[in-house]
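A.B. asks: Input structure: run_16.txt, which contains compact mmCIF, C-alpha atoms and all ligand atoms.
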```
# COMPACT_ATOMS: atom_id res chain seq x y z
CA MET W 246 7.24 17.44 12.87
CA ILE W 247 5.45 17.18 9.54
CA ARG W 248 4.25 20.27 7.77
CA VAL W 249 2.13 20.05 4.63
CA GLU W 250 1.85 23.28 2.68
CA ASN W 251 -0.79 23.91 0.05
CA LEU W 252 -0.61 20.37 -1.28
CA HIS W 253 -2.33 19.40 -4.52
CA LYS W 254 -2.64 15.96 -6.06
CA HIS W 255 -4.57 15.79 -9.30
CA PHE W 256 -5.51 12.64 -11.18
CA GLY W 257 -6.21 13.98 -14.65
CA GLY W 258 -8.71 16.77 -14.04
CA PHE W 259 -9.75 15.39 -10.67
CA HIS W 260 -8.39 17.17 -7.59
CA ALA W 261 -8.12 14.40 -4.97
CA VAL W 262 -6.06 16.67 -2.72
CA ASP W 263 -6.93 20.27 -3.41
CA GLY W 264 -4.70 22.68 -1.52
CA ALA W 265 -4.42 20.95 1.85
CA SER W 266 -2.26 22.52 4.56
CA LEU W 267 -1.73 20.95 7.93
CA GLU W 268 0.77 20.17 10.65
CA ILE W 269 1.43 17.04 12.62
CA ALA W 270 3.03 18.01 15.90
CA LYS W 271 5.95 15.97 17.22
CA GLY W 272 4.77 13.58 19.92
CA SER W 273 1.10 13.84 18.96
CA ILE W 274 -1.39 11.20 17.93
CA THR W 275 -3.13 13.21 15.24
CA GLY W 276 -6.44 11.92 13.89
CA LEU W 277 -7.43 12.37 10.25
CA ILE W 278 -11.10 11.93 9.51
CA GLY W 279 -13.50 12.79 6.71
CA PRO W 280 -16.09 11.20 4.47
CA ASN W 281 -15.10 8.58 1.90
CA GLY W 282 -13.35 10.14 -1.06
CA ALA W 283 -12.19 13.16 0.96
CA GLY W 284 -8.58 12.56 -0.12
CA LYS W 285 -7.20 11.20 3.16
CA SER W 286 -5.43 8.14 1.71
CA THR W 287 -4.14 10.20 -1.21
CA LEU W 288 -2.70 12.71 1.25
CA PHE W 289 -0.97 9.85 3.10
CA ASN W 290 0.33 8.49 -0.20
CA VAL W 291 1.83 11.83 -1.14
CA ILE W 292 3.42 12.36 2.28
CA ALA W 293 4.81 8.81 2.30
CA GLY W 294 6.27 9.12 -1.21
CA VAL W 295 3.90 6.75 -3.02
CA HIS W 296 2.60 9.59 -5.23
CA LYS W 297 4.43 12.71 -6.31
CA PRO W 298 2.36 15.79 -5.54
CA THR W 299 1.09 17.96 -8.38
CA SER W 300 2.27 20.94 -6.33
CA GLY W 301 2.91 21.92 -2.74
CA ARG W 302 5.50 21.03 -0.14
CA VAL W 303 6.03 18.53 2.66
CA THR W 304 8.68 19.09 5.32
CA MET W 305 9.80 16.88 8.18
CA ALA W 306 11.49 18.67 11.08
CA GLY W 307 12.19 21.55 8.70
CA GLU W 308 13.74 19.39 5.99
CA ASP W 309 12.05 19.34 2.58
CA ILE W 310 10.96 15.74 1.95
CA THR W 311 8.59 16.44 -0.96
CA GLY W 312 8.73 13.69 -3.55
CA LEU W 313 11.25 11.46 -1.75
CA SER W 314 10.75 7.73 -2.33
CA PRO W 315 9.10 5.51 0.32
CA HIS W 316 12.50 3.85 0.75
CA GLU W 317 14.25 7.16 1.49
CA LEU W 318 11.48 8.15 3.88
CA PHE W 319 11.67 4.77 5.60
CA HIS W 320 15.30 5.49 6.41
CA LYS W 321 14.28 8.83 7.89
CA GLY W 322 11.89 7.01 10.20
CA LEU W 323 8.69 7.86 8.30
CA LEU W 324 6.53 4.76 7.82
CA ARG W 325 3.12 4.18 6.40
CA THR W 326 1.65 0.89 7.48
CA PHE W 327 0.22 -0.41 4.25
CA GLN W 328 3.68 -0.52 2.73
CA ILE W 329 4.75 -3.16 5.17
CA ALA W 330 1.32 -4.70 5.60
CA HIS W 331 2.05 -7.40 3.08
CA GLU W 332 2.91 -10.13 5.49
CA PHE W 333 4.73 -13.22 4.30
CA PRO W 334 1.89 -15.68 4.82
CA THR W 335 3.89 -18.89 5.07
CA MET W 336 6.44 -17.44 7.48
CA THR W 337 5.80 -17.26 11.19
CA VAL W 338 4.85 -14.06 12.96
CA ARG W 339 8.31 -13.88 14.51
CA GLU W 340 10.04 -14.45 11.16
CA ASN W 341 7.91 -11.68 9.64
CA LEU W 342 9.23 -9.29 12.25
CA MET W 343 12.80 -10.40 11.65
CA MET W 344 12.46 -9.60 7.92
CA VAL W 345 12.06 -5.87 8.46
CA PRO W 346 15.41 -4.20 9.22
CA GLY W 347 17.50 -3.44 6.15
CA GLY W 348 21.28 -3.42 5.83
CA GLN W 349 21.99 -6.76 7.45
CA SER W 350 25.40 -8.30 6.94
CA GLY W 351 23.89 -11.52 5.66
CA GLU W 352 22.61 -9.87 2.53
CA THR W 353 25.61 -10.56 0.31
CA LEU W 354 27.22 -13.84 -0.48
CA TRP W 355 30.61 -12.38 0.36
CA ASN W 356 29.46 -11.55 3.86
CA ALA W 357 27.72 -14.87 4.27
CA TRP W 358 31.00 -16.57 3.52
CA PHE W 359 33.43 -14.47 5.52
CA HIS W 360 31.46 -13.11 8.43
CA ARG W 361 29.53 -16.08 9.69
CA ALA W 362 30.03 -15.11 13.34
CA ARG W 363 28.78 -11.56 12.80
CA ILE W 364 25.68 -12.76 10.96
CA GLU W 365 24.85 -15.20 13.71
CA LYS W 366 25.20 -12.44 16.30
CA GLU W 367 22.94 -10.15 14.27
CA GLU W 368 20.34 -12.88 13.93
CA ALA W 369 20.39 -13.49 17.66
CA GLU W 370 19.84 -9.77 18.22
CA LEU W 371 16.99 -9.67 15.72
CA LEU W 372 15.36 -12.64 17.40
CA LYS W 373 15.63 -10.97 20.78
CA LYS W 374 14.15 -7.77 19.39
CA ALA W 375 11.28 -9.62 17.69
CA ASP W 376 10.43 -11.35 20.96
CA GLU W 377 10.47 -8.02 22.79
CA VAL W 378 8.10 -6.57 20.20
CA LEU W 379 5.74 -9.55 20.52
CA ASP W 380 5.79 -9.17 24.28
CA PHE W 381 5.07 -5.43 24.01
CA LEU W 382 2.07 -6.13 21.79
CA THR W 383 0.87 -8.95 24.07
CA ILE W 384 0.93 -11.48 21.20
CA SER W 385 3.85 -13.67 22.29
CA HIS W 386 1.56 -16.69 22.08
CA LEU W 387 1.33 -16.14 18.29
CA LYS W 388 5.06 -16.06 17.57
CA ASN W 389 5.20 -19.45 15.85
CA GLU W 390 1.88 -19.02 14.06
CA ARG W 391 2.01 -18.61 10.28
CA ALA W 392 1.23 -14.97 9.49
CA GLY W 393 -1.29 -16.08 6.87
CA ASN W 394 -3.42 -17.63 9.61
CA LEU W 395 -3.80 -14.40 11.59
CA SER W 396 -7.12 -12.57 11.79
CA GLY W 397 -7.41 -9.12 10.19
CA GLY W 398 -6.88 -7.44 13.54
CA GLN W 399 -3.88 -9.56 14.41
CA LYS W 400 -2.34 -8.64 11.05
CA LYS W 401 -2.79 -4.97 11.95
CA LEU W 402 -0.95 -5.61 15.20
CA LEU W 403 1.81 -7.33 13.26
CA GLU W 404 2.05 -4.27 11.01
CA LEU W 405 2.45 -2.08 14.06
CA GLY W 406 5.04 -4.52 15.38
CA ARG W 407 7.05 -4.23 12.19
CA THR W 408 7.35 -0.46 12.69
CA MET W 409 8.96 -1.30 16.06
CA MET W 410 11.74 -3.32 14.45
CA VAL W 411 13.22 -0.15 12.96
CA GLU W 412 13.77 3.33 14.34
CA ALA W 413 10.39 4.74 13.44
CA ARG W 414 9.75 8.38 14.30
CA ILE W 415 6.42 8.98 12.64
CA VAL W 416 3.93 6.34 11.59
CA PHE W 417 0.91 6.82 9.33
CA LEU W 418 -1.91 4.35 9.94
CA ASP W 419 -4.62 4.14 7.31
CA GLU W 420 -7.89 2.73 8.65
CA VAL W 421 -6.24 0.74 11.36
CA GLY W 422 -9.61 -0.41 12.70
CA ALA W 423 -11.24 -1.55 9.47
CA GLY W 424 -12.63 -5.05 9.94
CA VAL W 425 -11.11 -5.38 13.40
CA ASN W 426 -13.20 -6.56 16.34
CA ARG W 427 -13.65 -4.33 19.39
CA THR W 428 -11.32 -6.25 21.72
CA LEU W 429 -8.47 -6.26 19.24
CA LEU W 430 -9.12 -2.63 18.35
CA ASN W 431 -8.60 -1.80 22.03
CA THR W 432 -5.34 -3.76 22.01
CA ILE W 433 -4.21 -1.83 18.93
CA GLY W 434 -5.27 1.43 20.58
CA ASP W 435 -3.32 0.60 23.73
CA ALA W 436 -0.24 -0.28 21.68
CA ILE W 437 -0.45 3.04 19.83
CA VAL W 438 -0.73 4.99 23.09
CA ARG W 439 2.17 3.12 24.66
CA LEU W 440 4.39 3.54 21.58
CA ASN W 441 3.55 7.23 21.71
CA ARG W 442 4.24 7.69 25.44
CA GLU W 443 7.04 5.21 26.02
CA ARG W 444 8.90 5.31 22.70
CA GLY W 445 8.15 8.82 21.50
CA TYR W 446 6.40 7.77 18.29
CA THR W 447 4.37 10.42 16.52
CA PHE W 448 1.24 9.05 14.84
CA CYS W 449 -1.18 10.20 12.20
CA VAL W 450 -4.22 7.94 12.18
CA ILE W 451 -7.04 7.69 9.63
CA GLU W 452 -10.02 5.95 11.17
CA HIS W 453 -13.79 5.94 10.82
CA ASP W 454 -14.49 4.67 14.34
CA MET W 455 -15.20 7.88 16.25
CA ASP W 456 -14.84 6.25 19.69
CA PHE W 457 -11.35 5.17 18.72
CA ILE W 458 -10.48 8.63 17.36
CA GLY W 459 -11.99 10.36 20.40
CA ARG W 460 -10.09 8.18 22.84
CA LEU W 461 -6.70 8.38 21.12
CA CYS W 462 -6.34 11.49 19.05
CA ASP W 463 -5.68 15.12 19.76
CA PRO W 464 -5.88 17.06 17.58
CA VAL W 465 -8.31 15.75 15.00
CA ILE W 466 -8.04 17.09 11.46
CA VAL W 467 -11.07 16.89 9.19
CA MET W 468 -10.75 16.65 5.43
CA ALA W 469 -13.49 17.05 2.86
CA GLU W 470 -13.17 17.39 -0.90
CA GLY W 471 -9.39 17.46 -0.81
CA LYS W 472 -9.18 20.30 1.68
CA VAL W 473 -8.76 20.66 5.42
CA LEU W 474 -12.15 21.63 6.78
CA ALA W 475 -11.47 21.86 10.51
CA GLU W 476 -8.96 21.01 13.19
CA GLY W 477 -9.25 20.81 16.96
CA PRO W 478 -9.69 18.60 20.01
CA PRO W 479 -12.01 15.66 19.36
CA ALA W 480 -14.88 16.93 21.52
CA THR W 481 -14.99 20.23 19.66
CA ILE W 482 -14.63 18.60 16.25
CA MET W 483 -17.50 16.21 16.78
CA GLN W 484 -19.86 19.10 17.50
CA ASN W 485 -18.61 21.25 14.65
CA GLU W 486 -21.51 22.08 12.29
CA ALA W 487 -19.38 22.11 9.15
CA VAL W 488 -17.98 18.70 10.05
CA ILE W 489 -21.40 17.16 10.63
CA GLU W 490 -22.53 18.68 7.35
CA ALA W 491 -19.53 17.25 5.49
CA TYR W 492 -20.45 13.79 6.72
CA LEU W 493 -24.20 13.99 6.31
CA GLY W 494 -24.81 16.62 3.65
CA ARG W 495 -26.92 19.69 4.41
CA GLY W 496 -30.31 18.07 3.84
CA LEU W 497 -29.67 15.17 6.16
CA LYS W 498 -28.18 17.45 8.79
CA ASN W 499 -31.36 19.54 8.91
CA LYS W 500 -33.44 16.38 9.14
CA VAL W 501 -31.35 15.10 12.07
CA LYS W 502 -31.73 18.49 13.79
CA ALA W 503 -35.49 18.51 13.24
CA GLU W 504 -35.80 14.99 14.62
CA ALA W 505 -33.72 15.89 17.67
CA ALA W 506 -36.00 18.92 18.28
CA THR W 507 -39.16 16.80 17.96
CA LEU W 508 -37.69 14.32 20.38
CA ARG W 509 -36.86 17.06 22.90
CA ASN W 510 -40.34 18.58 22.61
CA GLY W 511 -41.92 15.17 22.95
CA VAL W 512 -40.01 14.45 26.14
CA ALA W 513 -40.75 17.95 27.51
CA GLY W 514 -44.48 17.60 26.73
N1 LIG U 601 -4.82 6.57 -8.37
C1 LIG U 601 -5.96 7.25 -8.51
N2 LIG U 601 -6.43 7.59 -9.73
C2 LIG U 601 -7.57 8.30 -9.88
N3 LIG U 601 -8.33 8.73 -8.85
C3 LIG U 601 -7.93 8.42 -7.61
C4 LIG U 601 -6.73 7.67 -7.38
N4 LIG U 601 -6.59 7.53 -6.03
C5 LIG U 601 -7.65 8.16 -5.48
N5 LIG U 601 -8.46 8.69 -6.42
C6 LIG U 601 -9.70 9.43 -6.18
O1 LIG U 601 -9.40 10.47 -5.28
C7 LIG U 601 -10.47 10.66 -4.38
C8 LIG U 601 -9.94 10.59 -2.97
O2 LIG U 601 -9.62 9.26 -2.68
P1 LIG U 601 -8.96 8.81 -1.32
O3 LIG U 601 -7.74 9.62 -1.08
O4 LIG U 601 -8.81 7.35 -1.36
O5 LIG U 601 -10.09 9.24 -0.26
P2 LIG U 601 -10.32 8.75 1.23
O6 LIG U 601 -9.12 7.99 1.68
O7 LIG U 601 -10.52 10.01 2.01
O8 LIG U 601 -11.57 7.93 1.22
C9 LIG U 601 -11.50 9.60 -4.68
O9 LIG U 601 -12.55 10.17 -5.42
C10 LIG U 601 -10.74 8.59 -5.48
O10 LIG U 601 -11.57 7.93 -6.40
MG MG U 602 -8.91 6.00 2.30
```
Show me, as C-alpha cells, the structure contained in the file I just sent.

C.D. replies:
Amino acid sequence: MIRVENLHKHFGGFHAVDGASLEIAKGSITGLIGPNGAGKSTLFNVIAGVHKPTSGRVTMAGEDITGLSPHELFHKGLLRTFQIAHEFPTMTVRENLMMVPGGQSGETLWNAWFHRARIEKEEAELLKKADEVLDFLTISHLKNERAGNLSGGQKKLLELGRTMMVEARIVFLDEVGAGVNRTLLNTIGDAIVRLNRERGYTFCVIEHDMDFIGRLCDPVIVMAEGKVLAEGPPATIMQNEAVIEAYLGRGLKNKVKAEAATLRNGVAG
C-alpha cells in the first residue's frame, strides 16, 4: 500500500532518515520500533507530508505521493494522528468528532442562507456518525464531556475516533501508548484491531511498549540511525541480535548475556 524507497531527510548536515526503504502492506498493522532518535517520527512526517524529503520516493498504491501536503494526503485517506490530535478543549467529545469532515455545505454564507434544509440534514448525519464512532470505541458515556477534561488515553481514543469520521485508508499512529494506562491501552489496541479487521484500515504504529507491539503488529520494522535495521514477525524481531544491540548498545548487550549465563549456571549448579 505504501512503499518508501531510499528515503533521506537531512536537517543541515544531520541525516535523521538516512536511506530508509520499506513497505507497508495493505491490510496490515505494521509496527515501527527503534531507539529514541532513530528517525521514526521524521519518517512519519515525511510520509504524511509534514516534511519534504531530501531525496527518495513515497508511493501509495503505486501512485507517487512524495512531497504532497498533509491536506492532499488527508483527501487520499492517509492520516497521521498528531495532525488531528489537537482537540478543541472547550467543545464536547461529540462536537470534536463532528468537526472533522471537510466540504460541508454549511461552510459558506451563501449556502447557510439558501440551503438551510440540506445543512440540517448533513448535521443530523454527522451527529449520527459521531454517535456510532463513540459507540464503536466504547466511550459513549463521554460524549458530552469537554474534550479538555479527557485523560491522555481518552484523548488518544478521540484521535482514533476522528480518523473514523472520514474515509481513512491508512493511519499512522505515533506513540499511541505514551502516558496511557494499561486498561485504556488495551481499549485502544482493541479499537485498532477492530478497525483493521472490520473496516479494512491499514495501520503503521510507532510504540515503545513491546507487549502492545507484539500483540498487534505483524510485521515489525526496526529503525536505527535513520535506516531500516530489520523486519519480520514480532517474535523473531525481539530475539534478533542486531535489534537488541541497537537498543542496548554492544557493551550492555554482552553484559546482559553474561548475566543470563551466570544465572543459568547458578540454577544448574
Ligand atoms: N526539525 C528537526 N530539526 C533538526 N533535527 C531534527 C528535527 N526533527 C528531528 N530531528 C533529529 O532527528 C533525529 C531523529 O528524530 P526522530 O525522528 O524524532 O526520532 P524518533 O522518533 O525515532 O525518536 C533526532 O536526533 C532528532 O533530534
Ligand atoms: Mg518519535

A.B. asks: Rank nothing, just name the residue among W:Gly284, W:Gly272, W:Gly398, W:Gly294 nearest to ligand MG 602 (chain U), using all atoms listed in the file.

C.D. replies: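 Checking each of W:Gly284, W:Gly272, W:Gly398, W:Gly294 against ligand MG 602 (chain U), counting all atoms listed in the file, the winner is W:Gly284.
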
A.B. asks: Residues within 8 Å of stretch 455-460 of chain W, please, as an mmCIF file with C-alpha atoms, in the coordinates of the input. Count only C-alpha atoms; anything in the same chain fewer than 3 positions from it doesn't count.

C.D. replies:
```
data_model
loop_
_atom_site.group_PDB
_atom_site.id
_atom_site.type_symbol
_atom_site.label_atom_id
_atom_site.label_comp_id
_atom_site.auth_asym_id
_atom_site.auth_seq_id
_atom_site.Cartn_x
_atom_site.Cartn_y
_atom_site.Cartn_z
ATOM 1 C CA GLY W 276 -6.440 11.920 13.890
ATOM 2 C CA GLY W 434 -5.270 1.430 20.580
ATOM 3 C CA GLU W 452 -10.020 5.950 11.170
ATOM 4 C CA ASP W 463 -5.680 15.120 19.760
ATOM 5 C CA VAL W 465 -8.310 15.750 15.000
ATOM 6 C CA PRO W 479 -12.010 15.660 19.360
ATOM 7 C CA ALA W 480 -14.880 16.930 21.520
#
```

A.B. asks: Between atom CA of W:Glu317 and atom CA of W:Val295, what is the distance in Å, rounded to a tenth?

C.D. replies: 11.3 Å

A.B. asks: Find, counting all atoms listed in the file, the residue in W:Gln484, W:Thr299, W:Ser266, W:Thr275 that gets nearest to W:Cys449.

C.D. replies: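 Residue with the minimum atom-to-atom distance to W:Cys449: W:Thr275.
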
A.B. asks: Could you work out how far atom CA of W:Cys462 lies from atom CA of W:Glu443, giving the answer in Å with one decimal?

C.D. replies: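 Spanning atom CA of W:Glu443 to atom CA of W:Cys462 is a straight-line distance of 16.3 Å.
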
A.B. asks: For stretch 340-344 of chain W, find every residue with an atom within 8 Å (counting all atoms listed in the file), except residues of its own chain fewer than 3 positions away, and show them as JSON, numbers by chain.

C.D. replies: {"W": [332, 333, 336, 337, 371, 372, 375, 392, 403, 406, 407, 410]}

A.B. asks: As a short mmCIF file (atom, residue, chain, number, x, y, z; two decimals), in the frame of the given file, could you write out stretch 476-496 of chain W once it has been completed with N, CA and C atoms?

C.D. replies:
```
data_model
loop_
_atom_site.label_atom_id
_atom_site.label_comp_id
_atom_site.auth_asym_id
_atom_site.auth_seq_id
_atom_site.Cartn_x
_atom_site.Cartn_y
_atom_site.Cartn_z
N GLU W 476 -9.95 21.68 12.35
CA GLU W 476 -8.96 21.01 13.19
C GLU W 476 -9.20 21.42 14.63
N GLY W 477 -9.07 20.48 15.55
CA GLY W 477 -9.25 20.81 16.96
C GLY W 477 -9.30 19.57 17.81
N PRO W 478 -9.54 19.77 19.12
CA PRO W 478 -9.69 18.60 20.01
C PRO W 478 -10.92 17.81 19.61
N PRO W 479 -10.92 16.50 19.86
CA PRO W 479 -12.01 15.66 19.36
C PRO W 479 -13.41 16.11 19.79
N ALA W 480 -13.55 16.53 21.04
CA ALA W 480 -14.88 16.93 21.52
C ALA W 480 -15.44 18.09 20.72
N THR W 481 -14.57 19.06 20.43
CA THR W 481 -14.99 20.23 19.66
C THR W 481 -15.33 19.84 18.23
N ILE W 482 -14.47 19.00 17.65
CA ILE W 482 -14.63 18.60 16.25
C ILE W 482 -15.95 17.87 16.04
N MET W 483 -16.30 17.01 16.99
CA MET W 483 -17.50 16.21 16.78
C MET W 483 -18.79 17.01 16.91
N GLN W 484 -18.67 18.24 17.43
CA GLN W 484 -19.86 19.10 17.50
C GLN W 484 -19.85 20.18 16.43
N ASN W 485 -18.78 20.21 15.66
CA ASN W 485 -18.61 21.25 14.65
C ASN W 485 -19.64 21.07 13.51
N GLU W 486 -20.42 22.13 13.28
CA GLU W 486 -21.51 22.08 12.29
C GLU W 486 -21.01 21.72 10.89
N ALA W 487 -19.91 22.35 10.50
CA ALA W 487 -19.38 22.11 9.15
C ALA W 487 -18.95 20.66 8.99
N VAL W 488 -18.44 20.09 10.09
CA VAL W 488 -17.98 18.70 10.05
C VAL W 488 -19.17 17.76 9.90
N ILE W 489 -20.20 18.00 10.71
CA ILE W 489 -21.40 17.16 10.63
C ILE W 489 -22.00 17.25 9.23
N GLU W 490 -21.99 18.46 8.69
CA GLU W 490 -22.53 18.68 7.35
C GLU W 490 -21.72 17.94 6.29
N ALA W 491 -20.39 17.94 6.46
CA ALA W 491 -19.53 17.25 5.49
C ALA W 491 -19.84 15.76 5.46
N TYR W 492 -20.14 15.22 6.64
CA TYR W 492 -20.45 13.79 6.72
C TYR W 492 -21.84 13.48 6.20
N LEU W 493 -22.80 14.34 6.56
CA LEU W 493 -24.20 13.99 6.31
C LEU W 493 -24.79 14.70 5.10
N GLY W 494 -24.17 15.77 4.67
CA GLY W 494 -24.81 16.62 3.65
C GLY W 494 -25.80 17.53 4.35
N ARG W 495 -26.09 18.69 3.75
CA ARG W 495 -26.92 19.69 4.41
C ARG W 495 -28.34 19.19 4.68
N GLY W 496 -28.92 18.52 3.69
CA GLY W 496 -30.31 18.07 3.84
C GLY W 496 -30.48 17.14 5.03
#
```
